Each structure stands twice: as structure tokens, then as C-alpha cells.
$ cat protein.cif   # mmCIF, N, CA and C atoms
data_data
#
loop_
_atom_site.label_atom_id
_atom_site.label_comp_id
_atom_site.auth_asym_id
_atom_site.auth_seq_id
_atom_site.Cartn_x
_atom_site.Cartn_y
_atom_site.Cartn_z
N MET A 277 -95.82 12.98 -117.51
CA MET A 277 -96.83 14.01 -117.38
C MET A 277 -96.81 14.50 -115.93
N ARG A 278 -97.00 15.80 -115.77
CA ARG A 278 -96.97 16.39 -114.43
C ARG A 278 -98.25 17.17 -114.19
N LEU A 279 -98.70 17.14 -112.94
CA LEU A 279 -99.78 18.04 -112.54
C LEU A 279 -99.18 19.42 -112.37
N SER A 280 -99.96 20.43 -112.61
CA SER A 280 -99.46 21.79 -112.41
C SER A 280 -99.23 22.05 -110.93
N THR A 281 -98.41 23.04 -110.66
CA THR A 281 -98.16 23.45 -109.27
C THR A 281 -99.48 23.86 -108.61
N LYS A 282 -100.32 24.55 -109.35
CA LYS A 282 -101.60 24.98 -108.81
C LYS A 282 -102.44 23.78 -108.34
N SER A 283 -102.49 22.74 -109.16
CA SER A 283 -103.25 21.54 -108.79
C SER A 283 -102.64 20.84 -107.57
N ARG A 284 -101.32 20.70 -107.59
CA ARG A 284 -100.66 20.03 -106.47
C ARG A 284 -100.87 20.79 -105.17
N TYR A 285 -100.70 22.12 -105.22
CA TYR A 285 -100.89 22.93 -104.02
C TYR A 285 -102.36 22.93 -103.58
N ALA A 286 -103.28 22.90 -104.52
CA ALA A 286 -104.70 22.88 -104.15
C ALA A 286 -105.02 21.60 -103.39
N VAL A 287 -104.54 20.47 -103.87
CA VAL A 287 -104.78 19.20 -103.17
C VAL A 287 -104.10 19.21 -101.81
N GLN A 288 -102.86 19.67 -101.77
CA GLN A 288 -102.10 19.73 -100.52
C GLN A 288 -102.81 20.62 -99.50
N ALA A 289 -103.27 21.78 -99.92
CA ALA A 289 -103.95 22.71 -99.01
C ALA A 289 -105.30 22.15 -98.55
N MET A 290 -106.00 21.48 -99.45
CA MET A 290 -107.29 20.90 -99.06
C MET A 290 -107.11 19.75 -98.07
N VAL A 291 -106.05 18.97 -98.23
CA VAL A 291 -105.75 17.91 -97.26
C VAL A 291 -105.45 18.54 -95.90
N ASP A 292 -104.66 19.61 -95.90
CA ASP A 292 -104.36 20.33 -94.67
C ASP A 292 -105.64 20.86 -94.04
N LEU A 293 -106.50 21.47 -94.84
CA LEU A 293 -107.76 22.01 -94.35
C LEU A 293 -108.62 20.91 -93.75
N ALA A 294 -108.72 19.78 -94.43
CA ALA A 294 -109.52 18.66 -93.93
C ALA A 294 -108.96 18.13 -92.60
N SER A 295 -107.66 18.18 -92.45
CA SER A 295 -107.01 17.67 -91.24
C SER A 295 -107.05 18.65 -90.08
N ASN A 296 -107.17 19.96 -90.35
CA ASN A 296 -107.00 20.96 -89.31
C ASN A 296 -108.20 21.87 -89.05
N SER A 297 -109.29 21.66 -89.72
CA SER A 297 -110.43 22.56 -89.52
C SER A 297 -111.66 21.81 -89.01
N LYS A 298 -111.44 20.89 -88.11
CA LYS A 298 -112.54 20.06 -87.60
C LYS A 298 -113.62 20.89 -86.90
N SER A 299 -113.22 21.80 -86.02
CA SER A 299 -114.21 22.51 -85.21
C SER A 299 -114.32 23.99 -85.53
N LYS A 300 -113.34 24.54 -86.25
CA LYS A 300 -113.39 25.97 -86.57
C LYS A 300 -112.71 26.21 -87.91
N PRO A 301 -113.04 27.32 -88.57
CA PRO A 301 -112.38 27.62 -89.84
C PRO A 301 -110.87 27.75 -89.67
N CYS A 302 -110.18 27.47 -90.75
CA CYS A 302 -108.72 27.51 -90.75
C CYS A 302 -108.24 28.73 -91.54
N ASN A 303 -107.33 29.46 -90.96
CA ASN A 303 -106.77 30.66 -91.58
C ASN A 303 -105.77 30.25 -92.66
N LEU A 304 -105.80 30.93 -93.80
CA LEU A 304 -104.88 30.60 -94.89
C LEU A 304 -103.42 30.80 -94.50
N SER A 305 -103.15 31.76 -93.63
CA SER A 305 -101.76 31.98 -93.23
C SER A 305 -101.22 30.76 -92.48
N GLU A 306 -102.09 30.08 -91.74
CA GLU A 306 -101.67 28.85 -91.03
C GLU A 306 -101.35 27.74 -92.03
N ILE A 307 -102.21 27.58 -93.04
CA ILE A 307 -101.96 26.57 -94.07
C ILE A 307 -100.67 26.93 -94.82
N SER A 308 -100.51 28.21 -95.12
CA SER A 308 -99.32 28.68 -95.82
C SER A 308 -98.04 28.29 -95.08
N LEU A 309 -98.04 28.50 -93.78
CA LEU A 309 -96.87 28.16 -92.97
C LEU A 309 -96.65 26.65 -92.88
N ARG A 310 -97.74 25.92 -92.62
CA ARG A 310 -97.60 24.46 -92.48
C ARG A 310 -97.16 23.79 -93.77
N GLN A 311 -97.64 24.29 -94.90
CA GLN A 311 -97.38 23.62 -96.18
C GLN A 311 -96.32 24.32 -97.03
N ASN A 312 -95.79 25.42 -96.53
CA ASN A 312 -94.76 26.18 -97.25
C ASN A 312 -95.23 26.57 -98.65
N ILE A 313 -96.44 27.15 -98.69
CA ILE A 313 -97.02 27.65 -99.94
C ILE A 313 -97.19 29.16 -99.76
N SER A 314 -96.79 29.91 -100.75
CA SER A 314 -96.92 31.37 -100.71
C SER A 314 -98.36 31.77 -100.40
N LEU A 315 -98.55 32.68 -99.45
CA LEU A 315 -99.90 33.12 -99.07
C LEU A 315 -100.65 33.75 -100.25
N PRO A 316 -100.04 34.65 -101.03
CA PRO A 316 -100.79 35.21 -102.18
C PRO A 316 -101.22 34.13 -103.17
N TYR A 317 -100.37 33.13 -103.40
CA TYR A 317 -100.72 32.06 -104.33
C TYR A 317 -101.85 31.21 -103.74
N LEU A 318 -101.79 30.95 -102.45
CA LEU A 318 -102.83 30.19 -101.76
C LEU A 318 -104.17 30.94 -101.82
N GLU A 319 -104.13 32.25 -101.69
CA GLU A 319 -105.35 33.06 -101.79
C GLU A 319 -105.98 32.91 -103.18
N GLN A 320 -105.16 32.91 -104.23
CA GLN A 320 -105.68 32.70 -105.59
C GLN A 320 -106.34 31.33 -105.72
N ILE A 321 -105.67 30.32 -105.18
CA ILE A 321 -106.20 28.95 -105.24
C ILE A 321 -107.53 28.87 -104.50
N PHE A 322 -107.60 29.46 -103.31
CA PHE A 322 -108.83 29.35 -102.52
C PHE A 322 -109.97 30.17 -103.11
N ASN A 323 -109.65 31.23 -103.84
CA ASN A 323 -110.71 31.94 -104.56
C ASN A 323 -111.36 31.01 -105.58
N LYS A 324 -110.55 30.24 -106.28
CA LYS A 324 -111.08 29.29 -107.26
C LYS A 324 -111.83 28.14 -106.57
N LEU A 325 -111.30 27.66 -105.46
CA LEU A 325 -111.98 26.59 -104.73
C LEU A 325 -113.32 27.06 -104.19
N LYS A 326 -113.39 28.32 -103.77
CA LYS A 326 -114.64 28.90 -103.29
C LYS A 326 -115.65 29.00 -104.43
N LYS A 327 -115.20 29.48 -105.60
CA LYS A 327 -116.08 29.59 -106.77
C LYS A 327 -116.57 28.22 -107.22
N SER A 328 -115.79 27.18 -106.94
CA SER A 328 -116.16 25.81 -107.29
C SER A 328 -116.99 25.15 -106.20
N ASN A 329 -117.34 25.91 -105.16
CA ASN A 329 -118.16 25.42 -104.05
C ASN A 329 -117.53 24.26 -103.28
N LEU A 330 -116.20 24.29 -103.17
CA LEU A 330 -115.51 23.26 -102.40
C LEU A 330 -115.15 23.74 -101.00
N VAL A 331 -115.06 25.06 -100.82
CA VAL A 331 -114.77 25.63 -99.50
C VAL A 331 -115.74 26.78 -99.21
N LEU A 332 -115.89 27.05 -97.93
CA LEU A 332 -116.68 28.19 -97.47
C LEU A 332 -115.75 29.14 -96.74
N SER A 333 -116.00 30.44 -96.87
CA SER A 333 -115.17 31.39 -96.14
C SER A 333 -115.99 32.05 -95.05
N VAL A 334 -115.32 32.29 -93.93
CA VAL A 334 -115.93 32.96 -92.79
C VAL A 334 -115.09 34.20 -92.51
N LYS A 335 -115.73 35.34 -92.52
CA LYS A 335 -115.01 36.61 -92.30
C LYS A 335 -115.00 36.96 -90.82
N GLY A 336 -114.10 37.86 -90.45
CA GLY A 336 -114.04 38.36 -89.08
C GLY A 336 -113.09 37.58 -88.21
N PRO A 337 -113.05 37.96 -86.91
CA PRO A 337 -112.17 37.27 -85.95
C PRO A 337 -112.52 35.79 -85.89
N GLY A 338 -111.52 34.97 -85.92
CA GLY A 338 -111.73 33.53 -85.90
C GLY A 338 -112.18 32.99 -87.24
N GLY A 339 -112.13 33.83 -88.26
CA GLY A 339 -112.56 33.42 -89.60
C GLY A 339 -111.50 32.62 -90.32
N GLY A 340 -111.84 32.25 -91.50
CA GLY A 340 -110.94 31.47 -92.34
C GLY A 340 -111.76 30.64 -93.31
N TYR A 341 -111.28 29.48 -93.63
CA TYR A 341 -111.95 28.59 -94.57
C TYR A 341 -112.29 27.26 -93.93
N SER A 342 -113.38 26.68 -94.40
CA SER A 342 -113.75 25.33 -94.02
C SER A 342 -114.25 24.61 -95.26
N LEU A 343 -114.30 23.30 -95.21
CA LEU A 343 -114.81 22.53 -96.33
C LEU A 343 -116.30 22.79 -96.49
N SER A 344 -116.78 22.80 -97.71
CA SER A 344 -118.20 23.05 -97.96
C SER A 344 -119.04 21.81 -97.70
N LYS A 345 -118.40 20.66 -97.70
CA LYS A 345 -119.07 19.39 -97.40
C LYS A 345 -118.04 18.46 -96.77
N SER A 346 -118.46 17.33 -96.29
CA SER A 346 -117.52 16.45 -95.60
C SER A 346 -116.43 15.96 -96.56
N ALA A 347 -115.26 15.70 -95.99
CA ALA A 347 -114.09 15.32 -96.78
C ALA A 347 -114.31 14.04 -97.57
N HIS A 348 -115.16 13.16 -97.09
CA HIS A 348 -115.38 11.92 -97.84
C HIS A 348 -116.29 12.14 -99.06
N LYS A 349 -116.91 13.32 -99.16
CA LYS A 349 -117.74 13.62 -100.32
C LYS A 349 -117.02 14.47 -101.37
N ILE A 350 -115.81 14.91 -101.07
CA ILE A 350 -115.03 15.72 -102.02
C ILE A 350 -114.02 14.81 -102.70
N ARG A 351 -114.08 14.76 -104.01
CA ARG A 351 -113.17 13.95 -104.81
C ARG A 351 -111.96 14.78 -105.23
N ILE A 352 -110.82 14.12 -105.33
CA ILE A 352 -109.60 14.81 -105.75
C ILE A 352 -109.79 15.41 -107.14
N SER A 353 -110.54 14.74 -107.99
CA SER A 353 -110.81 15.28 -109.32
C SER A 353 -111.55 16.61 -109.25
N GLU A 354 -112.44 16.78 -108.27
CA GLU A 354 -113.16 18.05 -108.10
C GLU A 354 -112.20 19.18 -107.75
N ILE A 355 -111.22 18.87 -106.91
CA ILE A 355 -110.25 19.89 -106.48
C ILE A 355 -109.43 20.34 -107.69
N ILE A 356 -108.90 19.37 -108.42
CA ILE A 356 -108.06 19.71 -109.58
C ILE A 356 -108.88 20.44 -110.63
N ASN A 357 -110.07 19.95 -110.92
CA ASN A 357 -110.92 20.62 -111.91
C ASN A 357 -111.39 21.98 -111.42
N GLY A 358 -111.43 22.16 -110.11
CA GLY A 358 -111.85 23.43 -109.54
C GLY A 358 -110.84 24.55 -109.71
N VAL A 359 -109.57 24.19 -109.83
CA VAL A 359 -108.54 25.22 -109.96
C VAL A 359 -108.01 25.38 -111.38
N GLU A 360 -108.33 24.43 -112.25
CA GLU A 360 -107.92 24.56 -113.64
C GLU A 360 -108.71 23.62 -114.52
N GLU A 361 -108.37 23.60 -115.77
CA GLU A 361 -109.08 22.75 -116.72
C GLU A 361 -108.76 21.29 -116.44
N ASN A 362 -109.52 20.43 -117.09
CA ASN A 362 -109.29 18.99 -116.95
C ASN A 362 -107.88 18.61 -117.39
N ILE A 363 -107.40 17.52 -116.85
CA ILE A 363 -106.09 17.01 -117.23
C ILE A 363 -106.16 16.56 -118.69
N LYS A 364 -105.19 16.96 -119.46
CA LYS A 364 -105.19 16.65 -120.90
C LYS A 364 -103.84 16.07 -121.28
N ALA A 365 -103.84 14.86 -121.78
CA ALA A 365 -102.59 14.23 -122.21
C ALA A 365 -102.36 14.42 -123.70
N THR A 366 -103.44 14.53 -124.47
CA THR A 366 -103.28 14.73 -125.91
C THR A 366 -102.94 16.18 -126.19
N GLY A 367 -102.35 16.42 -127.32
CA GLY A 367 -101.98 17.77 -127.70
C GLY A 367 -103.01 18.42 -128.60
N CYS A 368 -104.15 17.78 -128.74
CA CYS A 368 -105.15 18.33 -129.65
C CYS A 368 -106.54 18.14 -129.05
N SER A 369 -107.52 18.67 -129.74
CA SER A 369 -108.90 18.50 -129.32
C SER A 369 -109.56 17.46 -130.21
N ASN A 370 -110.82 17.19 -129.98
CA ASN A 370 -111.55 16.26 -130.82
C ASN A 370 -112.17 16.95 -132.03
N ASP A 371 -111.88 18.21 -132.20
CA ASP A 371 -112.34 18.96 -133.36
C ASP A 371 -111.43 18.61 -134.54
N PRO A 372 -111.96 18.02 -135.62
CA PRO A 372 -111.11 17.60 -136.74
C PRO A 372 -110.22 18.70 -137.29
N SER A 373 -110.65 19.95 -137.24
CA SER A 373 -109.81 21.02 -137.77
C SER A 373 -108.65 21.35 -136.85
N LYS A 374 -108.66 20.79 -135.63
CA LYS A 374 -107.59 21.08 -134.68
C LYS A 374 -106.86 19.81 -134.24
N PHE A 375 -106.98 18.73 -134.98
CA PHE A 375 -106.29 17.51 -134.63
C PHE A 375 -104.78 17.74 -134.61
N CYS A 376 -104.07 16.84 -133.95
CA CYS A 376 -102.63 16.97 -133.71
C CYS A 376 -101.80 17.16 -134.98
N THR A 377 -102.17 16.48 -136.03
CA THR A 377 -101.33 16.51 -137.22
C THR A 377 -101.55 17.75 -138.06
N GLY A 378 -102.67 18.44 -137.83
CA GLY A 378 -103.00 19.60 -138.64
C GLY A 378 -103.47 19.21 -140.04
N LYS A 379 -103.72 17.92 -140.25
CA LYS A 379 -104.13 17.40 -141.55
C LYS A 379 -105.47 16.69 -141.45
N ASN A 380 -106.32 17.16 -140.54
CA ASN A 380 -107.65 16.59 -140.37
C ASN A 380 -107.61 15.12 -139.95
N GLU A 381 -106.56 14.74 -139.25
CA GLU A 381 -106.47 13.38 -138.73
C GLU A 381 -105.73 13.40 -137.40
N LYS A 382 -106.01 12.38 -136.60
CA LYS A 382 -105.38 12.28 -135.28
C LYS A 382 -103.98 11.71 -135.41
N CYS A 383 -103.11 12.06 -134.47
CA CYS A 383 -101.75 11.51 -134.47
C CYS A 383 -101.80 10.03 -134.10
N ILE A 384 -100.73 9.32 -134.31
CA ILE A 384 -100.73 7.87 -134.10
C ILE A 384 -100.86 7.46 -132.64
N THR A 385 -100.61 8.38 -131.71
CA THR A 385 -100.73 8.06 -130.28
C THR A 385 -101.98 8.64 -129.65
N HIS A 386 -102.85 9.25 -130.44
CA HIS A 386 -104.01 9.95 -129.91
C HIS A 386 -104.89 9.05 -129.04
N HIS A 387 -105.25 7.88 -129.52
CA HIS A 387 -106.15 7.01 -128.76
C HIS A 387 -105.50 6.52 -127.46
N PHE A 388 -104.20 6.23 -127.53
CA PHE A 388 -103.47 5.85 -126.32
C PHE A 388 -103.55 6.97 -125.28
N LEU A 389 -103.30 8.20 -125.71
CA LEU A 389 -103.30 9.33 -124.78
C LEU A 389 -104.70 9.63 -124.26
N GLU A 390 -105.72 9.44 -125.07
CA GLU A 390 -107.10 9.59 -124.59
C GLU A 390 -107.40 8.55 -123.51
N ASP A 391 -106.93 7.31 -123.72
CA ASP A 391 -107.13 6.26 -122.71
C ASP A 391 -106.39 6.62 -121.41
N LEU A 392 -105.19 7.17 -121.54
CA LEU A 392 -104.43 7.61 -120.37
C LEU A 392 -105.19 8.68 -119.60
N GLU A 393 -105.72 9.68 -120.31
CA GLU A 393 -106.53 10.73 -119.67
C GLU A 393 -107.69 10.12 -118.90
N SER A 394 -108.34 9.15 -119.52
CA SER A 394 -109.50 8.50 -118.89
C SER A 394 -109.09 7.76 -117.61
N LEU A 395 -107.97 7.04 -117.66
CA LEU A 395 -107.48 6.33 -116.48
C LEU A 395 -107.16 7.29 -115.34
N ILE A 396 -106.49 8.38 -115.67
CA ILE A 396 -106.13 9.37 -114.66
C ILE A 396 -107.39 9.97 -114.04
N GLU A 397 -108.32 10.38 -114.89
CA GLU A 397 -109.56 10.99 -114.39
C GLU A 397 -110.34 10.01 -113.52
N ASN A 398 -110.42 8.75 -113.94
CA ASN A 398 -111.13 7.74 -113.15
C ASN A 398 -110.45 7.53 -111.79
N TYR A 399 -109.13 7.51 -111.78
CA TYR A 399 -108.40 7.35 -110.53
C TYR A 399 -108.66 8.54 -109.60
N LEU A 400 -108.54 9.75 -110.13
CA LEU A 400 -108.75 10.95 -109.31
C LEU A 400 -110.19 11.02 -108.81
N GLU A 401 -111.11 10.52 -109.59
CA GLU A 401 -112.53 10.48 -109.18
C GLU A 401 -112.75 9.43 -108.10
N SER A 402 -111.92 8.40 -108.06
CA SER A 402 -112.09 7.32 -107.08
C SER A 402 -111.54 7.66 -105.71
N VAL A 403 -110.74 8.72 -105.61
CA VAL A 403 -110.09 9.07 -104.34
C VAL A 403 -110.81 10.26 -103.70
N ALA A 404 -111.24 10.05 -102.47
CA ALA A 404 -111.87 11.13 -101.69
C ALA A 404 -110.78 11.89 -100.92
N LEU A 405 -111.07 13.13 -100.62
CA LEU A 405 -110.17 13.95 -99.81
C LEU A 405 -109.87 13.26 -98.48
N SER A 406 -110.87 12.65 -97.90
CA SER A 406 -110.68 11.96 -96.61
C SER A 406 -109.71 10.79 -96.73
N ASP A 407 -109.66 10.14 -97.90
CA ASP A 407 -108.73 9.02 -98.08
C ASP A 407 -107.29 9.46 -97.85
N ILE A 408 -106.96 10.68 -98.27
CA ILE A 408 -105.60 11.19 -98.11
C ILE A 408 -105.43 11.81 -96.72
N ALA A 409 -106.41 12.58 -96.27
CA ALA A 409 -106.31 13.28 -94.99
C ALA A 409 -106.21 12.30 -93.82
N LEU A 410 -106.84 11.16 -93.94
CA LEU A 410 -106.84 10.19 -92.85
C LEU A 410 -105.69 9.20 -92.93
N ASN A 411 -104.92 9.23 -93.98
CA ASN A 411 -103.84 8.28 -94.19
C ASN A 411 -102.55 8.84 -93.64
N LYS A 412 -102.29 8.57 -92.38
CA LYS A 412 -101.14 9.17 -91.69
C LYS A 412 -99.80 8.50 -91.98
N ASP A 413 -99.81 7.27 -92.51
CA ASP A 413 -98.53 6.57 -92.70
C ASP A 413 -97.92 6.79 -94.09
N ASN A 414 -98.53 7.66 -94.89
CA ASN A 414 -98.01 8.00 -96.23
C ASN A 414 -97.93 6.84 -97.19
N SER A 415 -98.58 5.72 -96.90
CA SER A 415 -98.64 4.62 -97.87
C SER A 415 -100.05 4.63 -98.44
N PHE A 416 -100.22 5.39 -99.46
CA PHE A 416 -101.54 5.65 -99.97
C PHE A 416 -102.13 4.48 -100.73
N LEU A 417 -103.28 4.01 -100.27
CA LEU A 417 -104.06 2.95 -100.92
C LEU A 417 -103.24 1.72 -101.29
N GLY A 418 -102.19 1.47 -100.55
CA GLY A 418 -101.38 0.29 -100.79
C GLY A 418 -100.53 0.35 -102.06
N LEU A 419 -100.42 1.51 -102.69
CA LEU A 419 -99.67 1.61 -103.93
C LEU A 419 -98.18 1.78 -103.68
N ARG A 420 -97.80 2.27 -102.52
CA ARG A 420 -96.39 2.45 -102.20
C ARG A 420 -95.93 1.33 -101.29
N LYS A 421 -94.70 0.93 -101.48
CA LYS A 421 -94.14 -0.14 -100.64
C LYS A 421 -93.12 0.45 -99.69
#

$ encode --input "protein.cif" --output "C-alpha cells"
Amino acid sequence: MRLSTKSRYAVQAMVDLASNSKSKPCNLSEISLRQNISLPYLEQIFNKLKKSNLVLSVKGPGGGYSLSKSAHKIRISEIINGVEENIKATGCSNDPSKFCTGKNEKCITHHFLEDLESLIENYLESVALSDIALNKDNSFLGLRK
């Protein structure tokens, strides 16, 4: 399973913003250059992040974006959910008329995939933006060796 490019770039850009906008708003063109993300695509992402109340925009000279709250209060799950729908591992909904098999029953892996969705969501909810922004050695939460 893969996160969408939009989700990955949103998290990457928010980590950059958390790391580089301590005293003043950060311009999207700066984030675009540092992270090698297309500026028009970044603008789309930040429009969604703004609508989700995760960033604030400041217009005029010296303007740009800043976090709407401290980085330790923003969860990675909020960022991903802010730019798109929830992560979904199953191919169907919980509506019996739309179950995976099309026969009013769930597929044989449905419960496994629902559990996987829950684990992923719980993990993303457990990680704050500051956890990533402050981790300079790239060994995140001891999961990498």
C-alpha cells in the first residue's frame, strides 16, 4: 500500500514549514526549492491545509505560511486527512450493497484490511509533526536501524 503523492508531499512540506518558520512565515517558493516539489502543486496542497486549519497565510511583503498551532499539537493523521480522504485498505465500504464481492457479503480479507487501516490510522495519530521535524538523524522513533 502506498500513500498518495499529495499526502507524502503534504507531510514533507509541513515538516519543512515546522523546521523553517520559527520566527516568520515561510514562502511556498522556498519550500518548493528546498523539497523539490512543484510550486503549483504545493499551492494546491496548502489551500487544502489552510481549509483544514493546519496553516495560516500571511499576505504582503514578508508573507507566506505558518503553522496554525505548535508542531507538537499537529498529528500526521491530520495532515493526511486534510489533503485527502482517510487511508483505505479495503476495496469496499461498510454498506452491504457495496461490499467487495457484490453479493451482499464482505470478501475473505475484509476484516484483515480493516484492522490494517486501524493500525495505520493509530500510528499516524500517534506521531506529531514535531516528532519528525526535530528528528535530525533520520532514525525515526527507533524503527530504522

$ atom_distance --input "protein.cif" --atom1 "atom CA of A:Tyr317" --atom2 "atom CA of A:Tyr399"
26.6 Å

$ select_by_dssp --input "protein.cif" --residues "stretch 293-335 of chain A" --states "strand (DSSP E)" --output "VMD selection string"
chain A and resid 331 to 334

$ write_last_selection --input "protein.cif" --atoms "N, CA and C atoms" --output "compact mmCIF listing (two decimals), in the frame of the given file"
# COMPACT_ATOMS: atom_id res chain seq x y z
N VAL A 331 -115.06 25.06 -100.82
CA VAL A 331 -114.77 25.63 -99.50
C VAL A 331 -115.74 26.78 -99.21
N LEU A 332 -115.89 27.05 -97.93
CA LEU A 332 -116.68 28.19 -97.47
C LEU A 332 -115.75 29.14 -96.74
N SER A 333 -116.00 30.44 -96.87
CA SER A 333 -115.17 31.39 -96.14
C SER A 333 -115.99 32.05 -95.05
N VAL A 334 -115.32 32.29 -93.93
CA VAL A 334 -115.93 32.96 -92.79
C VAL A 334 -115.09 34.20 -92.51

$ closest_residue --input "protein.cif" --among "A:Leu410, A:Leu400, A:Gly340, A:Lys327" --to "A:Ser305" --atoms "only C-alpha atoms"
A:Gly340

$ atom_distance --input "protein.cif" --atom1 "atom CA of A:Ile355" --atom2 "atom CA of A:Leu325"
7.1 Å

$ atom_distance --input "protein.cif" --atom1 "atom CA of A:Cys383" --atom2 "atom N of A:Lys364"
16.3 Å

$ residues_around --input "protein.cif" --residues "A:Ala409" --least-positions-apart "6" --cutoff "8 Å" --atoms "all atoms listed in the file" --output "ChimeraX atom specification"
/A:290-292,294-295

$ closest_residue --input "protein.cif" --among "A:Val331, A:Ile352, A:Ile396, A:Ile313" --to "A:Ile408" --atoms "only C-alpha atoms"
A:Ile352

$ closest_residue --input "protein.cif" --among "A:Ser342, A:Lys382, A:Ser297, A:Ser328" --to "A:Asn357" --atoms "all atoms listed in the file"
A:Ser328

$ closest_residue --input "protein.cif" --among "A:Asn323, A:Thr385, A:Gly338, A:Glu397" --to "A:Ser299" --atoms "only C-alpha atoms"
A:Gly338

$ resolve_selection --input "protein.cif" --expression "the PyMOL selection byres ((chain A and resi 283) around 8)" --output "short mmCIF file (atom, residue, chain, number, x, y, z; two decimals) with N, CA and C atoms, in the coordinates of the input"
data_model
loop_
_atom_site.label_atom_id
_atom_site.label_comp_id
_atom_site.auth_asym_id
_atom_site.auth_seq_id
_atom_site.Cartn_x
_atom_site.Cartn_y
_atom_site.Cartn_z
N LEU A 279 -98.70 17.14 -112.94
CA LEU A 279 -99.78 18.04 -112.54
C LEU A 279 -99.18 19.42 -112.37
N SER A 280 -99.96 20.43 -112.61
CA SER A 280 -99.46 21.79 -112.41
C SER A 280 -99.23 22.05 -110.93
N THR A 281 -98.41 23.04 -110.66
CA THR A 281 -98.16 23.45 -109.27
C THR A 281 -99.48 23.86 -108.61
N LYS A 282 -100.32 24.55 -109.35
CA LYS A 282 -101.60 24.98 -108.81
C LYS A 282 -102.44 23.78 -108.34
N ARG A 284 -101.32 20.70 -107.59
CA ARG A 284 -100.66 20.03 -106.47
C ARG A 284 -100.87 20.79 -105.17
N TYR A 285 -100.70 22.12 -105.22
CA TYR A 285 -100.89 22.93 -104.02
C TYR A 285 -102.36 22.93 -103.58
N ALA A 286 -103.28 22.90 -104.52
CA ALA A 286 -104.70 22.88 -104.15
C ALA A 286 -105.02 21.60 -103.39
N VAL A 287 -104.54 20.47 -103.87
CA VAL A 287 -104.78 19.20 -103.17
C VAL A 287 -104.10 19.21 -101.81
N GLN A 288 -102.86 19.67 -101.77
CA GLN A 288 -102.10 19.73 -100.52
C GLN A 288 -102.81 20.62 -99.50
N ALA A 289 -103.27 21.78 -99.92
CA ALA A 289 -103.95 22.71 -99.01
C ALA A 289 -105.30 22.15 -98.55
N ILE A 355 -111.22 18.87 -106.91
CA ILE A 355 -110.25 19.89 -106.48
C ILE A 355 -109.43 20.34 -107.69
N ILE A 356 -108.90 19.37 -108.42
CA ILE A 356 -108.06 19.71 -109.58
C ILE A 356 -108.88 20.44 -110.63
N ASN A 357 -110.07 19.95 -110.92
CA ASN A 357 -110.92 20.62 -111.91
C ASN A 357 -111.39 21.98 -111.42
N VAL A 359 -109.57 24.19 -109.83
CA VAL A 359 -108.54 25.22 -109.96
C VAL A 359 -108.01 25.38 -111.38
N GLU A 360 -108.33 24.43 -112.25
CA GLU A 360 -107.92 24.56 -113.64
C GLU A 360 -108.71 23.62 -114.52
#

$ closest_residue --input "protein.cif" --among "A:Leu309, A:Val334, A:Ala365, A:Cys302" --to "A:Glu390" --atoms "all atoms listed in the file"
A:Ala365

$ build_atoms --input "protein.cif" --residues "stretch 384-388 of chain A" --atoms "all heavy atoms" --output "tab-separated table (two decimals), in the coordinates of the input"
chain	number	residue	atom	x	y	z
A	384	ILE	N	-100.73	9.32	-134.31
A	384	ILE	CA	-100.73	7.87	-134.10
A	384	ILE	C	-100.86	7.46	-132.64
A	384	ILE	O	-101.20	6.32	-132.34
A	384	ILE	CB	-99.50	7.20	-134.75
A	384	ILE	CG1	-98.20	7.76	-134.16
A	384	ILE	CG2	-99.53	7.36	-136.25
A	384	ILE	CD1	-96.95	7.05	-134.67
A	385	THR	N	-100.61	8.38	-131.71
A	385	THR	CA	-100.73	8.06	-130.28
A	385	THR	C	-101.98	8.64	-129.65
A	385	THR	O	-102.18	8.53	-128.44
A	385	THR	CB	-99.49	8.56	-129.50
A	385	THR	OG1	-99.38	9.98	-129.67
A	385	THR	CG2	-98.22	7.86	-129.97
A	386	HIS	N	-102.85	9.25	-130.44
A	386	HIS	CA	-104.01	9.95	-129.91
A	386	HIS	C	-104.89	9.05	-129.04
A	386	HIS	O	-105.26	9.43	-127.92
A	386	HIS	CB	-104.83	10.56	-131.06
A	386	HIS	CG	-105.95	11.41	-130.57
A	386	HIS	ND1	-105.77	12.75	-130.29
A	386	HIS	CD2	-107.24	11.12	-130.27
A	386	HIS	CE1	-106.91	13.25	-129.86
A	386	HIS	NE2	-107.82	12.29	-129.84
A	387	HIS	N	-105.25	7.88	-129.52
A	387	HIS	CA	-106.15	7.01	-128.76
A	387	HIS	C	-105.50	6.52	-127.46
A	387	HIS	O	-106.16	6.44	-126.43
A	387	HIS	CB	-106.62	5.83	-129.62
A	387	HIS	CG	-107.45	6.27	-130.78
A	387	HIS	ND1	-108.68	6.87	-130.63
A	387	HIS	CD2	-107.22	6.23	-132.11
A	387	HIS	CE1	-109.17	7.18	-131.81
A	387	HIS	NE2	-108.30	6.81	-132.73
A	388	PHE	N	-104.20	6.23	-127.53
A	388	PHE	CA	-103.47	5.85	-126.32
A	388	PHE	C	-103.55	6.97	-125.28
A	388	PHE	O	-103.84	6.73	-124.10
A	388	PHE	CB	-102.01	5.53	-126.66
A	388	PHE	CG	-101.11	5.53	-125.46
A	388	PHE	CD1	-101.13	4.49	-124.56
A	388	PHE	CD2	-100.26	6.61	-125.22
A	388	PHE	CE1	-100.31	4.51	-123.43
A	388	PHE	CE2	-99.43	6.63	-124.10
A	388	PHE	CZ	-99.46	5.57	-123.21
